[in-house]
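A.B. asks: To start, I am sharing the structure in question, which I have written as C-alpha cells.
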Amino acid sequence: MLAKSKAKPSSTRRNTVELLFGDLWEFDPAPELADPKLKESYALFIDGQFAAPRSRKYFDSINPGTEKALASIPMAGKADIDAAFQAADSGYRKYWSKMSGNDRGKYLYRIGRLLQDRSREFAVAESMDGGKPIKESRDFDLPMAAAHFFYYAGWADKLEYALPGANFKPYGPVGQIIPWNFPLLMLAWKIAPALATGNTVVIKPAETTSITALKFAEILQEADLPSGVVNIVSGAGNTGQLIVNHSGANKIAFTGSTEVGKAILRATAGSGKGLTLELGGKAANVVFDDAPIDQAVEGVINGIFFNQGHVCCAGSRLLIQESIAKVFVRKLKHRIASLRVGDPLDKNTDIGAINSREQLQKIERLVEAGVHEGAALFQSSCSLPRRGWYYRPSIFEGVTQSHRIAQEEIFGPVLSILTFRTISEAIEKANNTAYGLSAGVWTDKGSKILKMSAALKAGVVWANTYNKFDPSSPFGGYKESGFGREGGKQGICDYLKVS
Amino acid sequence: MARLPITKTPKAYVGGKFIRSESRRVYPLNGKKGSFICNIPQCTRKDTRNAVVVAAKVGTNWASRTPYNRGQILYRLGEMMEARSEELAQAIALTGNLSIASARKEVATTVDCVIYYAGWTDKYEQVLGNTNPVSGSFLNFSVTEPIGVVGVIAADQPSLLSLIGLVIPVICSGNSVVALASSTNAYPAILLGEMLATSDLPGGVVNILTGFRHEVLETFASHEHLRGLNLCLDKDEQKIAETLASESVKRICIHSRQTDQAWFDEKHKSLYAIRNFLEFKTTWHPIGA
Amino acid sequence: MPPVALNKSPLKRLLDEVGPVDQVAIEERVAKFTTRSIKKSSKVWGLNLVVSMLDLTTLEGKDTSGKVESLCRKAIRPDEFVVTPTVAAVCVYPAMVTHARRCLGDAKIKVASVATGFPSGQFPLRTRLQEVKQAVRDGADEIDMVIQRGAFLTGDLQRIQNEIAATAEACGEARLKVILEVSELETYDNIRAASFLAMAVLRPGDFIKTSTGKTSGNATLANNQVILEAIRDFYLETGTPIAIKPAGGIKNSKQALQFLIAVKETLGDAWLSPERYRFGASSLLNDLLMQLRKQQQGVYQAPWKFSDAFSGY
C-alpha cells in the first residue's frame with residue numbers, strides 16, 4: 001500500500017534528510033515568580049516547637065541552579081535526636097496512641113489541605129533548594145504529596161480492612177530518613193502512612209534538601225497537630241546514624257542508596273527494630289519491535305530524564321529489540337534535541353540542575369568510565385547556564401552487560417542502551433542485576449505484557465507507560481532494591497506490628 | 001528369641017534424594033537416657049550450597065504450578081503424615097523430654113498446620129492482592145510473587161511442629177526451602193523427608209538438612225541466592241544472621257526461641273506467615289484504544 | 001505486496017505496517033505542550049506566525065458574497081492598529097472561488113476551496129473531480145478534499161488512494177489538502193494509517209488536514225500529533241515533506257500556540273512556515289488580534305473592538 005510513493009528516494013538523498021531543531025522560534029524566559037517565603041535561618045521542629053539545635057551547628061543549603069546559599073540549616077546532634085525521640089515517645093503516649101483513627105485521619109486531611117493551599121510556594125522552594133524544574137515540583141511533587149495525605153487520611157479509621165484477620169499494633173516512635181530527589185514527596189510517603197497507622201515520627205530530610213521539610217513544620221503547627229507526633233530534624237549522615245541507632249526508634253524507614261541501606265541493616269542487626277528500605281535501582285525499559293514507537297520514545301525519555309534522572313526507579317537501561325534499534329535511537333536523539341536544560345524556575349525547563357556538586361562529579365565519573373569502556377556517547381548540544389550544576393542529557397550506545405554504566409546506578413540524565421533479539425534474552429538481560437525496583441515493557445501485544453510482567457523481577461512494572469505514581473499504588477523493590485512497600489493498602493502493613 | 005530388627009540409616013533429604021553429608025561426617029543421636037540411637041548426617045556449608053542450587057532450580061517449576069495443584073500436593077503431604085502419625089510421635093518421644101501423649105499432640109497439630117496452609121494456596125492472593133484505583137486511565141494491579149529460595153532453621157522443641165510451621169507457609173506460595181532440622185531432636189525430620197518424598201511434592205522444593213546450627217548459620221545468612229530467612233534463633237545468633245544477611249538485603253523473620261507452648265497457639269497459623277515471604281508486584285497498563 | 005497475509009484485512013495489514021499508537025501515552029505527550037509558557041517577544045512572534053498560517057474560513061450554507069468580501073478584507077488587513085502579516089489563504093465553498101479571487105485582488109493570499117462533495121464526500125468520483133477542476137479553473141490555488149471514510153473503515157484502501165491520486169491530478173498546479181475527518185476514523189491507529197495511505201500518493205508540499213469542522217470532533221493536539229509524527233516518519237524515510245492543517249476547534253491564541261509548539265518540537269523549524277503548516281479556523285483570528293493588541297498596548301482588550309463572531313456583553 002505504501003510502496004506507491006512517487007518520491008522514491010535514492011539512498012544518498014535519504015541520508016541527507018534531517019530535521020532541524022534550531023532557534024527559529026526561541027522562547028523567552030518564563031520564570032515562576034511566586035514567593036517561596038524562605039527564611040535566612042531555619043530551626044529544628046521538636047515537640048511541636050521550633051528550636052535552635054543544641055549542637056549549635058548550622059550548615060548552608062545551596063541552590064544548585066545558582067550555587068548560591070539559600071538558607072542556614074540546623075545540624076541536629078545527639079542531644080537533639082534524644083530530645084526528638086523523647087518528644088515522639090511522649091507524643092505517642094499522651095496523644096497519638098489514645099486518639100481514635102477517625103481523629104488521626106482528620107489531622108491528615110487538614111495537613112493535605114494546608115499543603116494544597118501553599119503548594120505553589122512550596123513548589124518554588126523545592127525547585128530552588130533541590131534543582132528540579134518548576135513544572136515538575138508544581139505539577140508532580142506537590143499534588144502527589146498532598147494526595148498521599150488524603151489517601152492515608154481515609155485509611156486511619158479502617159485499618160482492620162487492610163489486614164483482615166490480623167492482630168496489629170503500631171510501633172510507636174519510628175525514625176524516618178529520606179533522600180534529596182523528591183524531598184517533600186518522600187516526606188509525605190513516610191509521614192502519611194506512619195501517622196495513619198498510629199505511629200509517631202522523627203524524620204530527617206536529606207542534607208542538601210531540608211528547606212521544604214522544615215517549612216512543612218509550619219503546616220503541622222497550622223494544623224495544630226499534637227506536639228511530638230512529628231519531629232523534624234535536619235542534618236547530615238551522622239544525624240541519620242543517630243536516628244538509626246537510637247534506642248527510642250522502634251522502626252526505621254529509609255529511602256536512599258543501597259550502600260546506606262546495607263549499613264542500616266548492619267547497624268540494626270539483632271535490635272529487633274522494624275525496617276522498610278527503599279533502595280537503588282537500575283531499571284530496564286524493554287522495547288519490543290511491535291511497540292507504539294513514538295510513545296515508547298517518550299516513555300524512555302520520561303523514564304531517564306524525569307527529575308534529571310535522580311530517580312531510584314529511573315529507566316536507566318534501555319533494552320531495545322535489535323530490529324528497531326537504529327530507528328529508535330534516531331528518534332531518541334531527535335527528542336533529546338528539544339529538551340530544554342536550564343534554570344529550574346523557568347516554566348519551560350525540562351531538565352533542571354543536578355542536586356549537588358558531589359552528584360555532578362559522580363555522574364561525570366561514571367560517564368567517563370562508559371567512554372573508557374568503549375561505549376558510544378551522545379550528548380545533547382543544548383546550551384547550559386554559566387553558573388550552577390547542570391548536565392546534558394546523555395545516551396550511551398553499544399553498551400554491554402558488563403559495562404559499569406549497565407550495572408551501577410548513575411542517578412543522573414544518562415541512558416545506557418543495550419539490544420536484544422528474543423523475549424528470553426530480554427528477560428535475562430533485564431533481570432541481570434542485583435536490583436529489582438522497577439521495569440518497563442513496551443509492546444502492543446497484551447499477552448506478551450503479562451508474560452513480561454510476571455518474568456521481570458521488579459516491584460513495579462510499567463507497561464506502555466513509565467514513571468507513574470499514585471498514593472494507592474504500592475511501590476518498592478525486589479532483591480537489593482529493598483523491602484516493604486510504600487503506598488496503597490500494602491503500605492499500611494509495614495507500619496504495623498502484625499501477628 | 002526375638003527377631004533382630006533391621007535399623008534404618010538416617011539421611012538428609014535434598015533434591016528429592018536421600019543423601020549423606022558430602023563430608024561423610026555424622027554425629028550420634030542419643031535417646032533420653034543417653035543410649036545410642038543412630039548416626040545423623042552432619043551437614044556442612046557445602047551441603048547447604050548444594051541444596052540451594054537444587055532448590056533454586058526446582059523452585060521456578062513449583063512456583064508455576066497452579067495454586068490448586070500446590071494445594072492438592074500439600075494436602076497429600078498431610079495425608080502421608082496422618083498415615084504415619086504414630087511413627088512420627090514415637091520419633092518425637094525418642095529424644096528430648098516429651099511424653100508420648102505430648103508427642104501425639106504435636107503430630108496432630110503439625111498435620112493440621114499442613115492442612116491449614118494447603119487451603120490457603122488458592123486464596124491468599126485474593127485477600128492480599130488487589131487492583132489499585134489510581135488517578136488516571138490505567139489498569140493498576142498488585143499481585144504477589146514468591147521471593148525464591150528461603151532458608152529455615154527449626155527449633156529444637158517442638159522440633160517437628162516448628163519445622164513444619166516455618167516451612168509450609170513459605171512453600172505454599174511457590175517458594176522453595178532449604179531447612180536445617182533440630183540437631184538434638186533430628187529424627188522426626190528424617191521421617192518427614194520420607195513423607196515429603198511420597199507426597200507428590202517435587203523433589204527439591206523442601207530440602208531438609210541435619211547437623212549443627214553453628215556450622216551452617218553463617219552460610220544461611222550470607223548466601224546471596226537465599227532471598228529470605230525464616231529462622232528460630234536466640235539473640236546472639238540473630239545478630240550474626242542479620243549482620244551477614246545485610247549484604248544481600250534478605251527478607252528475614254526471626255522467631256526468638258520461644259516456649260514450646262507458643263507453637264501450639266492457634267494464631268501461629270496465619271495468612272501473614274505466608275505474606276512474610278511474598279513480594280508485591282504492581283503493574284500499570286493504560287486503558288485506551 | 002506482502003507475499004502471504006492469511007486472514008488479514010487490508011486495513012489490518014496497513015495498521016501493522018505503520019505501527020500502533022498508544023492512546024493514553026500520546027495524550028500525555030501532548031499535555032506537556034500545554035505547559036510551555038510563551039512570553040513577550042516569543043509570544044508576539046508566535047502569534048504573528050499563526051496569523052500568517054491562517055486559512056481564514058467560511059463554510060456555511062448561509063454564506064453570501066458580502067460575507068466572503070468582508071472575510072477577504074480581513075485577510076488582507078487583519079487589524080487596523082497592529083501590523084500583522086496577511087493570512088495564508090481564505091477558504092470558501094467552490095461557488096465563492098471566483099468572487100473571493102476578485103476580492104483579494106493582487107494580495108499574496110491564496111484562495112482555498114473545499115471540494116469533492118464536502119463535507120461527506122458521498123458523491124460520484126466523476127462529479128467530485130469535475131468540482132475540483134472547476135474550482136481550479138475559477139482561480140483556486142488550493143483544494144481541500146475529503147476521503148471516503150466508509151471505504152477506509154471497510155478496508156477499501158486502494159480506492160482511497162486512487163481517488164486521492166486522481167484528485168491530485170485534477171488539481172494540476174493547485175495544492176491538495178486531504179481531509180481525513182479524524183473524528184470518524186475514531187482511533188489514533190486509524191489516523192496514523194490513513195495519513196500514510198494519503199502521503200504515499202501526495203506530492204511534496206501537499207497537505208493532510210484533520211477535519212471538515214462539520215462533525216463533533218475536530219482538531220486536537222493529540223490527533224495533530226499523530227499526523228505530525230506520521231509526516232516526520234514519512235519525511236525521514238522518503239525525503240518528501242508533507243504539510244499539515246489542523247482545522248476546527250482551535251478558537252484561541254493559547255491553543256494555537258500549543259499546536260505550534262508541537263510542530264516546533266516534533267518536526268522542527270522547517271515546518272514553522274505557512275508552506276508546511278496551516279490553521280483552518282474562523283474565529284481564531286480575532287483572538288490573535290486581541291492578544292497582539294494587548295501585547296502592543298499593555299491593556300486587555302474588549303471584544304467589541306474586533307469584527308465578527310462576537311457575542312455576550
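Residue numbers start at 1 in each chain; chains themselves are named A, B, ... in the order of the C-alpha cells; ligands are numbered from 1 in the order shown.
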Distance cut-off 6 Å, counting only C-alpha atoms - which residues of chain C neighbour chain A? Return them as a list in words.

C.D. replies: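 Result, ordered by chain then number: Pro20, Val21, Asp22, Ala25, Arg36, Lys39, Ser42, Ala200, Val201, Thr238, Gly239, Glu265, Gly268 and Asp269 of chain C.
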
A.B. asks: Take the residues that were just selected and, keeping C-alpha atoms, output them as a PDB file, in the first residue's frame.

C.D. replies:
ATOM      1  CA  PRO C  20       0.366   1.316  16.623  1.00  0.00           C
ATOM      2  CA  VAL C  21      -0.250   4.469  18.640  1.00  0.00           C
ATOM      3  CA  ASP C  22      -0.956   4.274  22.355  1.00  0.00           C
ATOM      4  CA  ALA C  25       0.614   7.904  26.174  1.00  0.00           C
ATOM      5  CA  ARG C  36       5.027  25.527  27.794  1.00  0.00           C
ATOM      6  CA  LYS C  39       6.012  35.129  26.881  1.00  0.00           C
ATOM      7  CA  SER C  42       8.401  34.912  21.607  1.00  0.00           C
ATOM      8  CA  ALA C 200       2.086   7.678  -0.346  1.00  0.00           C
ATOM      9  CA  VAL C 201       0.251   9.382  -3.217  1.00  0.00           C
ATOM     10  CA  THR C 238      11.369   9.215   1.727  1.00  0.00           C
ATOM     11  CA  GLY C 239      12.631  12.787   1.862  1.00  0.00           C
ATOM     12  CA  GLU C 265       9.292  20.074  18.910  1.00  0.00           C
ATOM     13  CA  GLY C 268      11.460  21.293  13.767  1.00  0.00           C
ATOM     14  CA  ASP C 269      11.999  24.719  12.257  1.00  0.00           C
TER      15      ASP C 269
END

A.B. asks: Please identify all residues of chain B having at least one atom at most 9 Å from any atom of chain A, considering only C-alpha atoms, and return them as a PyMOL selection string.

C.D. replies: chain B and resi 127-135+140-142+145+147+227+235-251+254+267-268+270-273+279-286

A.B. asks: When the cut-off is 12 Å and we count only C-alpha atoms, which residues of chain C are near chain B, given as JSON, numbers by chain?

C.D. replies: {"C": [20, 21, 22, 23, 24, 25, 26, 27, 28, 186, 187, 188, 189, 190]}

A.B. asks: Selection from above, N, CA and C atoms, as a PDB file, in the first residue's frame, can you write it?

C.D. replies:
ATOM      1  N   PRO C  20       1.455   0.808  15.793  1.00  0.00           N
ATOM      2  CA  PRO C  20       0.366   1.316  16.623  1.00  0.00           C
ATOM      3  C   PRO C  20       0.673   2.645  17.309  1.00  0.00           C
ATOM      4  N   VAL C  21      -0.371   3.263  17.822  1.00  0.00           N
ATOM      5  CA  VAL C  21      -0.250   4.469  18.640  1.00  0.00           C
ATOM      6  C   VAL C  21      -0.952   4.180  19.961  1.00  0.00           C
ATOM      7  N   ASP C  22      -0.306   4.475  21.064  1.00  0.00           N
ATOM      8  CA  ASP C  22      -0.956   4.274  22.355  1.00  0.00           C
ATOM      9  C   ASP C  22      -1.721   5.530  22.761  1.00  0.00           C
ATOM     10  N   GLN C  23      -2.997   5.344  23.002  1.00  0.00           N
ATOM     11  CA  GLN C  23      -3.870   6.493  23.247  1.00  0.00           C
ATOM     12  C   GLN C  23      -3.480   7.293  24.490  1.00  0.00           C
ATOM     13  N   VAL C  24      -3.330   6.589  25.592  1.00  0.00           N
ATOM     14  CA  VAL C  24      -3.062   7.297  26.844  1.00  0.00           C
ATOM     15  C   VAL C  24      -1.717   8.010  26.776  1.00  0.00           C
ATOM     16  N   ALA C  25      -0.734   7.325  26.201  1.00  0.00           N
ATOM     17  CA  ALA C  25       0.614   7.904  26.174  1.00  0.00           C
ATOM     18  C   ALA C  25       0.685   9.118  25.262  1.00  0.00           C
ATOM     19  N   ILE C  26       0.000   9.074  24.129  1.00  0.00           N
ATOM     20  CA  ILE C  26       0.109  10.233  23.239  1.00  0.00           C
ATOM     21  C   ILE C  26      -0.668  11.414  23.827  1.00  0.00           C
ATOM     22  N   GLU C  27      -1.729  11.122  24.537  1.00  0.00           N
ATOM     23  CA  GLU C  27      -2.460  12.227  25.165  1.00  0.00           C
ATOM     24  C   GLU C  27      -1.628  12.857  26.295  1.00  0.00           C
ATOM     25  N   GLU C  28      -0.845  12.015  26.965  1.00  0.00           N
ATOM     26  CA  GLU C  28       0.079  12.561  27.968  1.00  0.00           C
ATOM     27  C   GLU C  28       1.161  13.408  27.308  1.00  0.00           C
ATOM     28  N   GLU C 186     -11.970   7.547  14.294  1.00  0.00           N
ATOM     29  CA  GLU C 186     -12.130   7.110  15.682  1.00  0.00           C
ATOM     30  C   GLU C 186     -10.857   6.814  16.468  1.00  0.00           C
ATOM     31  N   THR C 187      -9.934   6.012  15.948  1.00  0.00           N
ATOM     32  CA  THR C 187      -8.744   5.708  16.759  1.00  0.00           C
ATOM     33  C   THR C 187      -7.514   6.389  16.189  1.00  0.00           C
ATOM     34  N   TYR C 188      -6.533   6.589  17.082  1.00  0.00           N
ATOM     35  CA  TYR C 188      -5.256   7.165  16.644  1.00  0.00           C
ATOM     36  C   TYR C 188      -4.551   6.215  15.680  1.00  0.00           C
ATOM     37  N   ASP C 189      -4.714   4.924  15.897  1.00  0.00           N
ATOM     38  CA  ASP C 189      -4.133   3.944  14.968  1.00  0.00           C
ATOM     39  C   ASP C 189      -4.626   4.230  13.555  1.00  0.00           C
ATOM     40  N   ASN C 190      -5.934   4.442  13.437  1.00  0.00           N
ATOM     41  CA  ASN C 190      -6.512   4.685  12.113  1.00  0.00           C
ATOM     42  C   ASN C 190      -6.026   6.003  11.518  1.00  0.00           C
TER      43      ASN C 190
END

A.B. asks: As an MDAnalysis selection string, list the residues of stretch 28-58 of chain B assigned to strand (DSSP E) by DSSP on the backbone atoms of this structure.

C.D. replies: chainID B and resid 28:30 36:41

A.B. asks: Could the residues in this selection be written to a file with C-alpha atoms, as an mmCIF file, in the first residue's frame?

C.D. replies:
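Result saved to out10.cif:
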data_model
loop_
_atom_site.group_PDB
_atom_site.id
_atom_site.type_symbol
_atom_site.label_atom_id
_atom_site.label_comp_id
_atom_site.auth_asym_id
_atom_site.auth_seq_id
_atom_site.Cartn_x
_atom_site.Cartn_y
_atom_site.Cartn_z
ATOM 1 C CA PRO B 28 25.406 -39.771 67.237
ATOM 2 C CA LEU B 29 21.809 -39.228 68.252
ATOM 3 C CA ASN B 30 21.176 -40.370 71.751
ATOM 4 C CA PHE B 36 22.785 -44.540 71.205
ATOM 5 C CA ILE B 37 20.009 -44.479 68.626
ATOM 6 C CA CYS B 38 21.631 -43.798 65.291
ATOM 7 C CA ASN B 39 24.075 -41.588 63.408
ATOM 8 C CA ILE B 40 22.740 -38.377 61.911
ATOM 9 C CA PRO B 41 24.397 -36.735 58.894
#

A.B. asks: Write out as a VMD selection string the residues lying within 10 Å of stretch 210-215 of chain B, counting only C-alpha atoms and excluding same-chain residues fewer than 4 positions away.

C.D. replies: chain B and resid 10 to 13 20 to 21 25 to 27 40 to 45 47 153 to 154 179 to 187 189 to 190 219 to 220 233 237

A.B. asks: Counting only C-alpha atoms, what is within 10 Å of stretch 202-210 of chain C, bar same-chain residues fewer than 6 positions away, as number ranges by chain?

C.D. replies: A: 4-7; C: 142-146, 161, 164-165, 167-169, 174-183, 191, 194-196, 217-220, 223-224, 227-228, 231, 235, 239-248, 275-280

A.B. asks: What gap, in Å, lies between atom CA of A:Pro226 and atom CA of A:Ala194?

C.D. replies: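 Answer for the atom CA of A:Pro226 to atom CA of A:Ala194 separation: 14.9 Å.
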
A.B. asks: For C:Ser65, find every residue with an atom within 8 Å (counting only C-alpha atoms), except residues of its own chain fewer than 2 positions away, and show them as a list in words.

C.D. replies: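 Close residues of C:Ser65: Asp63, Lys67, Val68, Glu69, Met96 and His99 of chain C.
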
A.B. asks: Any chance you could export the current selection's all heavy atoms as a PDB file, in the first residue's frame?

C.D. replies:
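part-v4.pdb written:
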ATOM      1  N   ASP C  63     -23.582  31.441   3.580  1.00  0.00           N
ATOM      2  CA  ASP C  63     -22.560  32.357   3.067  1.00  0.00           C
ATOM      3  C   ASP C  63     -23.126  33.207   1.919  1.00  0.00           C
ATOM      4  O   ASP C  63     -23.869  32.711   1.069  1.00  0.00           O
ATOM      5  CB  ASP C  63     -21.346  31.584   2.534  1.00  0.00           C
ATOM      6  CG  ASP C  63     -20.458  31.090   3.664  1.00  0.00           C
ATOM      7  OD1 ASP C  63     -20.672  31.528   4.812  1.00  0.00           O
ATOM      8  OD2 ASP C  63     -19.574  30.263   3.391  1.00  0.00           O
ATOM      9  N   LYS C  67     -20.481  38.375   2.809  1.00  0.00           N
ATOM     10  CA  LYS C  67     -19.707  37.741   3.887  1.00  0.00           C
ATOM     11  C   LYS C  67     -18.297  37.425   3.400  1.00  0.00           C
ATOM     12  O   LYS C  67     -17.303  37.671   4.090  1.00  0.00           O
ATOM     13  CB  LYS C  67     -20.438  36.452   4.340  1.00  0.00           C
ATOM     14  CG  LYS C  67     -19.645  35.533   5.235  1.00  0.00           C
ATOM     15  CD  LYS C  67     -19.863  35.870   6.715  1.00  0.00           C
ATOM     16  CE  LYS C  67     -18.900  35.123   7.627  1.00  0.00           C
ATOM     17  NZ  LYS C  67     -19.291  33.801   7.962  1.00  0.00           N
ATOM     18  N   VAL C  68     -18.197  36.867   2.190  1.00  0.00           N
ATOM     19  CA  VAL C  68     -16.895  36.499   1.639  1.00  0.00           C
ATOM     20  C   VAL C  68     -16.051  37.750   1.421  1.00  0.00           C
ATOM     21  O   VAL C  68     -14.843  37.760   1.672  1.00  0.00           O
ATOM     22  CB  VAL C  68     -17.069  35.689   0.332  1.00  0.00           C
ATOM     23  CG1 VAL C  68     -15.738  35.501  -0.380  1.00  0.00           C
ATOM     24  CG2 VAL C  68     -17.709  34.340   0.637  1.00  0.00           C
ATOM     25  N   GLU C  69     -16.697  38.802   0.990  1.00  0.00           N
ATOM     26  CA  GLU C  69     -15.958  40.041   0.740  1.00  0.00           C
ATOM     27  C   GLU C  69     -15.333  40.582   2.036  1.00  0.00           C
ATOM     28  O   GLU C  69     -14.169  40.975   2.075  1.00  0.00           O
ATOM     29  CB  GLU C  69     -16.895  41.086   0.126  1.00  0.00           C
ATOM     30  CG  GLU C  69     -16.146  42.271  -0.433  1.00  0.00           C
ATOM     31  CD  GLU C  69     -17.082  43.260  -1.124  1.00  0.00           C
ATOM     32  OE1 GLU C  69     -18.178  42.826  -1.559  1.00  0.00           O
ATOM     33  OE2 GLU C  69     -16.716  44.429  -1.217  1.00  0.00           O
ATOM     34  N   MET C  96     -17.924  30.200  -4.364  1.00  0.00           N
ATOM     35  CA  MET C  96     -17.432  31.514  -3.963  1.00  0.00           C
ATOM     36  C   MET C  96     -16.006  31.791  -4.435  1.00  0.00           C
ATOM     37  O   MET C  96     -15.433  32.845  -4.130  1.00  0.00           O
ATOM     38  CB  MET C  96     -17.472  31.634  -2.423  1.00  0.00           C
ATOM     39  CG  MET C  96     -18.867  31.710  -1.855  1.00  0.00           C
ATOM     40  SD  MET C  96     -19.666  33.254  -2.303  1.00  0.00           S
ATOM     41  CE  MET C  96     -21.293  33.006  -1.639  1.00  0.00           C
ATOM     42  N   HIS C  99     -15.494  34.852  -6.787  1.00  0.00           N
ATOM     43  CA  HIS C  99     -15.745  36.068  -6.023  1.00  0.00           C
ATOM     44  C   HIS C  99     -14.574  36.377  -5.076  1.00  0.00           C
ATOM     45  O   HIS C  99     -14.097  37.511  -5.003  1.00  0.00           O
ATOM     46  CB  HIS C  99     -17.047  35.879  -5.245  1.00  0.00           C
ATOM     47  CG  HIS C  99     -17.449  37.080  -4.446  1.00  0.00           C
ATOM     48  ND1 HIS C  99     -17.650  38.326  -5.029  1.00  0.00           N
ATOM     49  CD2 HIS C  99     -17.694  37.218  -3.124  1.00  0.00           C
ATOM     50  CE1 HIS C  99     -17.989  39.165  -4.074  1.00  0.00           C
ATOM     51  NE2 HIS C  99     -18.023  38.528  -2.913  1.00  0.00           N
TER      52      HIS C  99
END
